[in-house]
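Just target_9.pdb here, PDB, C-alpha atoms:
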```
ATOM      1  CA  ALA A   1      98.936  92.218 110.984
ATOM      2  CA  GLY A   2      98.069  92.364 107.297
ATOM      3  CA  SER A   3      94.402  91.595 107.991
ATOM      4  CA  ALA A   4      94.205  94.381 110.576
ATOM      5  CA  ILE A   5      95.895  96.820 108.206
ATOM      6  CA  ALA A   6      93.467  95.898 105.412
ATOM      7  CA  ALA A   7      90.472  96.489 107.685
ATOM      8  CA  ALA A   8      91.931  99.762 108.976
ATOM      9  CA  LEU A   9      92.492 101.069 105.447
ATOM     10  CA  LEU A  10      88.927 100.258 104.415
ATOM     11  CA  ALA A  11      87.538 101.703 107.656
ATOM     12  CA  ALA A  12      89.543 104.875 106.988
ATOM     13  CA  GLY A  13      87.806 105.254 103.639
ATOM     14  CA  ALA A  14      89.986 103.545 101.031
ATOM     15  CA  ASP A  15      87.835 103.203  97.893
ATOM     16  CA  ARG A  16      89.441  99.938  96.891
ATOM     17  CA  LEU A  17      92.023  97.586  98.274
ATOM     18  CA  ALA A  18      94.150  94.989  96.514
ATOM     19  CA  VAL A  19      95.377  92.206  98.772
ATOM     20  CA  CYS A  20      97.993  89.671  97.766
ATOM     21  CA  ASP A  21      98.839  86.360  99.427
ATOM     22  CA  PRO A  22     100.125  83.159  97.801
ATOM     23  CA  ASP A  23      98.042  81.195 100.329
ATOM     24  CA  THR A  24      94.753  81.399  98.416
ATOM     25  CA  ALA A  25      92.686  79.850 101.232
ATOM     26  CA  LYS A  26      93.789  82.573 103.655
ATOM     27  CA  LEU A  27      93.383  85.182 100.933
ATOM     28  CA  HIS A  28      89.780  84.226 100.155
ATOM     29  CA  ALA A  29      88.907  84.006 103.852
ATOM     30  CA  LEU A  30      90.228  87.536 104.356
ATOM     31  CA  ARG A  31      88.288  88.841 101.366
ATOM     32  CA  ASP A  32      85.105  87.259 102.727
ATOM     33  CA  ARG A  33      85.633  88.903 106.138
ATOM     34  CA  LEU A  34      86.321  92.293 104.534
ATOM     35  CA  ASP A  35      83.368  91.975 102.143
ATOM     36  CA  ALA A  36      81.066  91.436 105.123
ATOM     37  CA  HIS A  37      81.794  95.019 106.209
ATOM     38  CA  TRP A  38      82.927  96.713 102.971
ATOM     39  CA  PRO A  39      81.280  94.802 100.112
ATOM     40  CA  GLY A  40      83.017  94.769  96.758
ATOM     41  CA  ARG A  41      85.940  97.007  97.724
ATOM     42  CA  THR A  42      88.617  94.292  97.977
ATOM     43  CA  ALA A  43      90.356  92.610  95.063
ATOM     44  CA  THR A  44      92.615  89.637  95.696
ATOM     45  CA  SER A  45      95.480  87.969  93.860
ATOM     46  CA  ALA A  46      98.207  85.447  94.549
ATOM     47  CA  GLU A  47     100.789  87.810  93.009
ATOM     48  CA  PRO A  48     101.284  91.513  93.795
ATOM     49  CA  ASP A  49      99.299  93.893  91.602
ATOM     50  CA  THR A  50     100.625  97.374  92.325
ATOM     51  CA  GLY A  51      99.491  99.130  89.141
ATOM     52  CA  GLY A  52      97.694 102.345  90.024
ATOM     53  CA  ALA A  53      98.407 102.020  93.753
ATOM     54  CA  GLY A  54      98.664 105.126  95.889
ATOM     55  CA  LEU A  55      99.928 103.156  98.883
ATOM     56  CA  VAL A  56     101.540  99.723  99.157
ATOM     57  CA  VAL A  57     102.184  97.992 102.468
ATOM     58  CA  ASN A  58     104.506  95.076 103.058
ATOM     59  CA  ALA A  59     102.883  93.061 105.852
ATOM     60  CA  THR A  60     105.015  89.972 105.200
ATOM     61  CA  PRO A  61     108.200  88.874 106.981
ATOM     62  CA  LEU A  62     110.141  89.503 103.737
ATOM     63  CA  GLY A  63     112.821  91.980 104.695
ATOM     64  CA  LEU A  64     113.737  90.617 108.105
ATOM     65  CA  ASP A  65     116.805  88.984 106.541
ATOM     66  CA  PRO A  66     119.075  91.027 104.260
ATOM     67  CA  GLY A  67     118.975  88.247 101.625
ATOM     68  CA  ASP A  68     115.164  88.104 101.418
ATOM     69  CA  PRO A  69     113.545  88.725  98.048
ATOM     70  CA  LEU A  70     111.433  91.835  97.686
ATOM     71  CA  PRO A  71     107.673  91.344  98.207
ATOM     72  CA  PHE A  72     107.075  93.395  95.019
ATOM     73  CA  ARG A  73     109.173  95.414  92.584
ATOM     74  CA  PRO A  74     109.366  99.092  93.571
ATOM     75  CA  ARG A  75     110.352 100.103  90.027
ATOM     76  CA  LEU A  76     106.876  99.046  88.839
ATOM     77  CA  LEU A  77     105.074 101.395  91.246
ATOM     78  CA  PRO A  78     103.317 104.512  89.966
ATOM     79  CA  PRO A  79     105.085 107.820  90.668
ATOM     80  CA  GLY A  80     104.369 109.164  94.141
ATOM     81  CA  CYS A  81     103.154 105.833  95.516
ATOM     82  CA  VAL A  82     103.828 105.620  99.261
ATOM     83  CA  VAL A  83     105.679 102.461 100.337
ATOM     84  CA  ALA A  84     105.179 101.227 103.901
ATOM     85  CA  ASP A  85     106.772  98.292 105.677
ATOM     86  CA  ILE A  86     105.647  96.906 109.035
ATOM     87  CA  ILE A  87     109.068  95.406 109.768
ATOM     88  CA  MET A  88     110.740  97.276 112.622
ATOM     89  CA  LYS A  89     114.162  95.651 112.582
ATOM     90  CA  PRO A  90     115.989  96.454 110.458
ATOM     91  CA  ALA A  91     114.523  99.953 110.537
ATOM     92  CA  GLU A  92     115.273 100.447 106.862
ATOM     93  CA  THR A  93     114.520  97.351 104.847
ATOM     94  CA  ARG A  94     115.809  96.791 101.343
ATOM     95  CA  LEU A  95     112.280  97.483 100.089
ATOM     96  CA  LEU A  96     112.163 100.912 101.741
ATOM     97  CA  ARG A  97     115.695 101.762 100.637
ATOM     98  CA  GLU A  98     115.029 100.871  96.991
ATOM     99  CA  ALA A  99     111.668 102.663  96.995
ATOM    100  CA  ALA A 100     113.238 105.812  98.450
ATOM    101  CA  GLU A 101     116.025 105.678  95.860
ATOM    102  CA  LEU A 102     113.305 105.715  93.190
ATOM    103  CA  GLY A 103     111.753 108.819  94.776
ATOM    104  CA  HIS A 104     108.816 107.169  96.557
ATOM    105  CA  PRO A 105     107.804 108.440  99.990
ATOM    106  CA  VAL A 106     108.415 105.678 102.563
ATOM    107  CA  HIS A 107     106.844 104.835 105.894
ATOM    108  CA  TYR A 108     108.923 102.864 108.400
ATOM    109  CA  GLY A 109     107.656  99.985 110.541
ATOM    110  CA  MET A 110     108.430 101.770 113.801
ATOM    111  CA  HIS A 111     105.486 104.096 113.100
ATOM    112  CA  MET A 112     103.151 101.125 113.494
ATOM    113  CA  LEU A 113     104.436 100.532 117.027
ATOM    114  CA  ASP A 114     104.121 104.237 117.833
ATOM    115  CA  GLY A 115     100.446 104.021 116.883
ATOM    116  CA  GLN A 116      99.905 101.066 119.217
ATOM    117  CA  LEU A 117     101.480 102.462 122.378
ATOM    118  CA  ASP A 118      98.267 103.953 123.776
ATOM    119  CA  SER A 119      96.477 100.633 123.219
ATOM    120  CA  TYR A 120      99.251  98.779 125.070
ATOM    121  CA  ARG A 121      99.079 101.235 127.953
ATOM    122  CA  ALA A 122      95.310 100.885 128.229
ATOM    123  CA  PHE A 123      95.430  97.069 128.025
ATOM    124  CA  PHE A 124      98.076  96.739 130.751
ATOM    125  CA  GLY A 125      96.664  99.592 132.865
ATOM    126  CA  TRP A 126      99.792 101.708 132.515
ATOM    127  CA  PRO A 127      99.566 105.502 132.738
TER     128      PRO A 127
END
```

What does this structure look like when you write it as structure tokens?
Amino acid sequence: AGSAIAAALLAAGADRLAVCDPDTAKLHALRDRLDAHWPGRTATSAEPDTGGAGLVVNATPLGLDPGDPLPFRPRLLPPGCVVADIIMKPAETRLLREAAELGHPVHYGMHMLDGQLDSYRAFFGWP
């Protein structure tokens, strides 16, 4: 999901994209795939780098369990940074709750499913 989101953001015109994954082999492979289409617009790191971000997306499973650590620290985000989470259950993850408490606009995971419904219908031949 994270790879698809990264490609969609670049395709939509994001000037630059910072991608984080502790699995450096997967991280470098993703950067290479993105660079093939959008050269030089993706920076990678093993640790989250949210400085200057206008949008951050949690595409990890962190947040499925109430005791999970946060994927990054919302208090370090720039003012007005939008925080999105692809997790659908729970609808409001700890990350989204803490970000909202700090005044950040949040985007819930259910919106991702809403955006996929037409694709599901077309794939399965449903009206």

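We find atom CA of Ala100 of chain A and atom CA of Leu117 of chain A to be spaced 26.9 Å apart.
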
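By all atoms listed in the file, and with residues fewer than 4 positions from Cys81 of chain A along its chain excluded, the set lying at most 9 Å from it is Gly52, Ala53, Gly54, Leu55, Val56, Leu77, His104, Pro105 and Val106 of chain A.
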
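Minimum distance to Ser3 of chain A across A:Val82, A:Leu30, A:Cys20, A:Leu62 (counting all atoms listed in the file) occurs at A:Leu30.
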
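In this model, the gap between atom CA of His107 of chain A and atom CA of Ala36 of chain A comes to 29.1 Å.
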
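Nearest residue to Met110 of chain A among A:Leu96, A:Ala122, A:Ile87, A:Leu10 is A:Ile87, counting all atoms listed in the file.
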
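Of the listed residues (A:Pro39, A:Thr24, A:Thr93, A:Met88), A:Thr93 comes nearest to Asp65 of chain A; the distances count only C-alpha atoms.
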
I need the output of the PyMOL selection byres ((chain A and resi 17) around 12) for this file as a VMD selection string; which residues are they?
chain A and resid 3 5 to 16 18 to 20 30 to 31 34 to 35 38 to 45 48 to 57

For Pro61 of chain A, which residue out of A:His28, A:Arg121, A:His37, A:Lys89 is the nearest one, using all atoms listed in the file?
A:Lys89

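Across A:Pro127, A:Pro79, A:Pro74, A:Gly63, the tightest approach to Glu92 of chain A is made by A:Gly63 when counting only C-alpha atoms.
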
Need the shell around Ile86 of chain A: protein/DNA/RNA residues with any atom at most 8 Å away, counting only C-alpha atoms. Skip same-chain ones fewer than 2 positions apart. Format as a VMD selection string?
chain A and resid 57 to 60 84 88 108 to 110 112

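Using all atoms listed in the file, the nearest neighbour of Pro22 of chain A within the list A:Asp118, A:Glu98, A:Asp85, A:Glu47 is A:Glu47.
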
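Counting from atom CA of Gly115 of chain A, the distance to atom CA of Leu102 of chain A is 27.0 Å.
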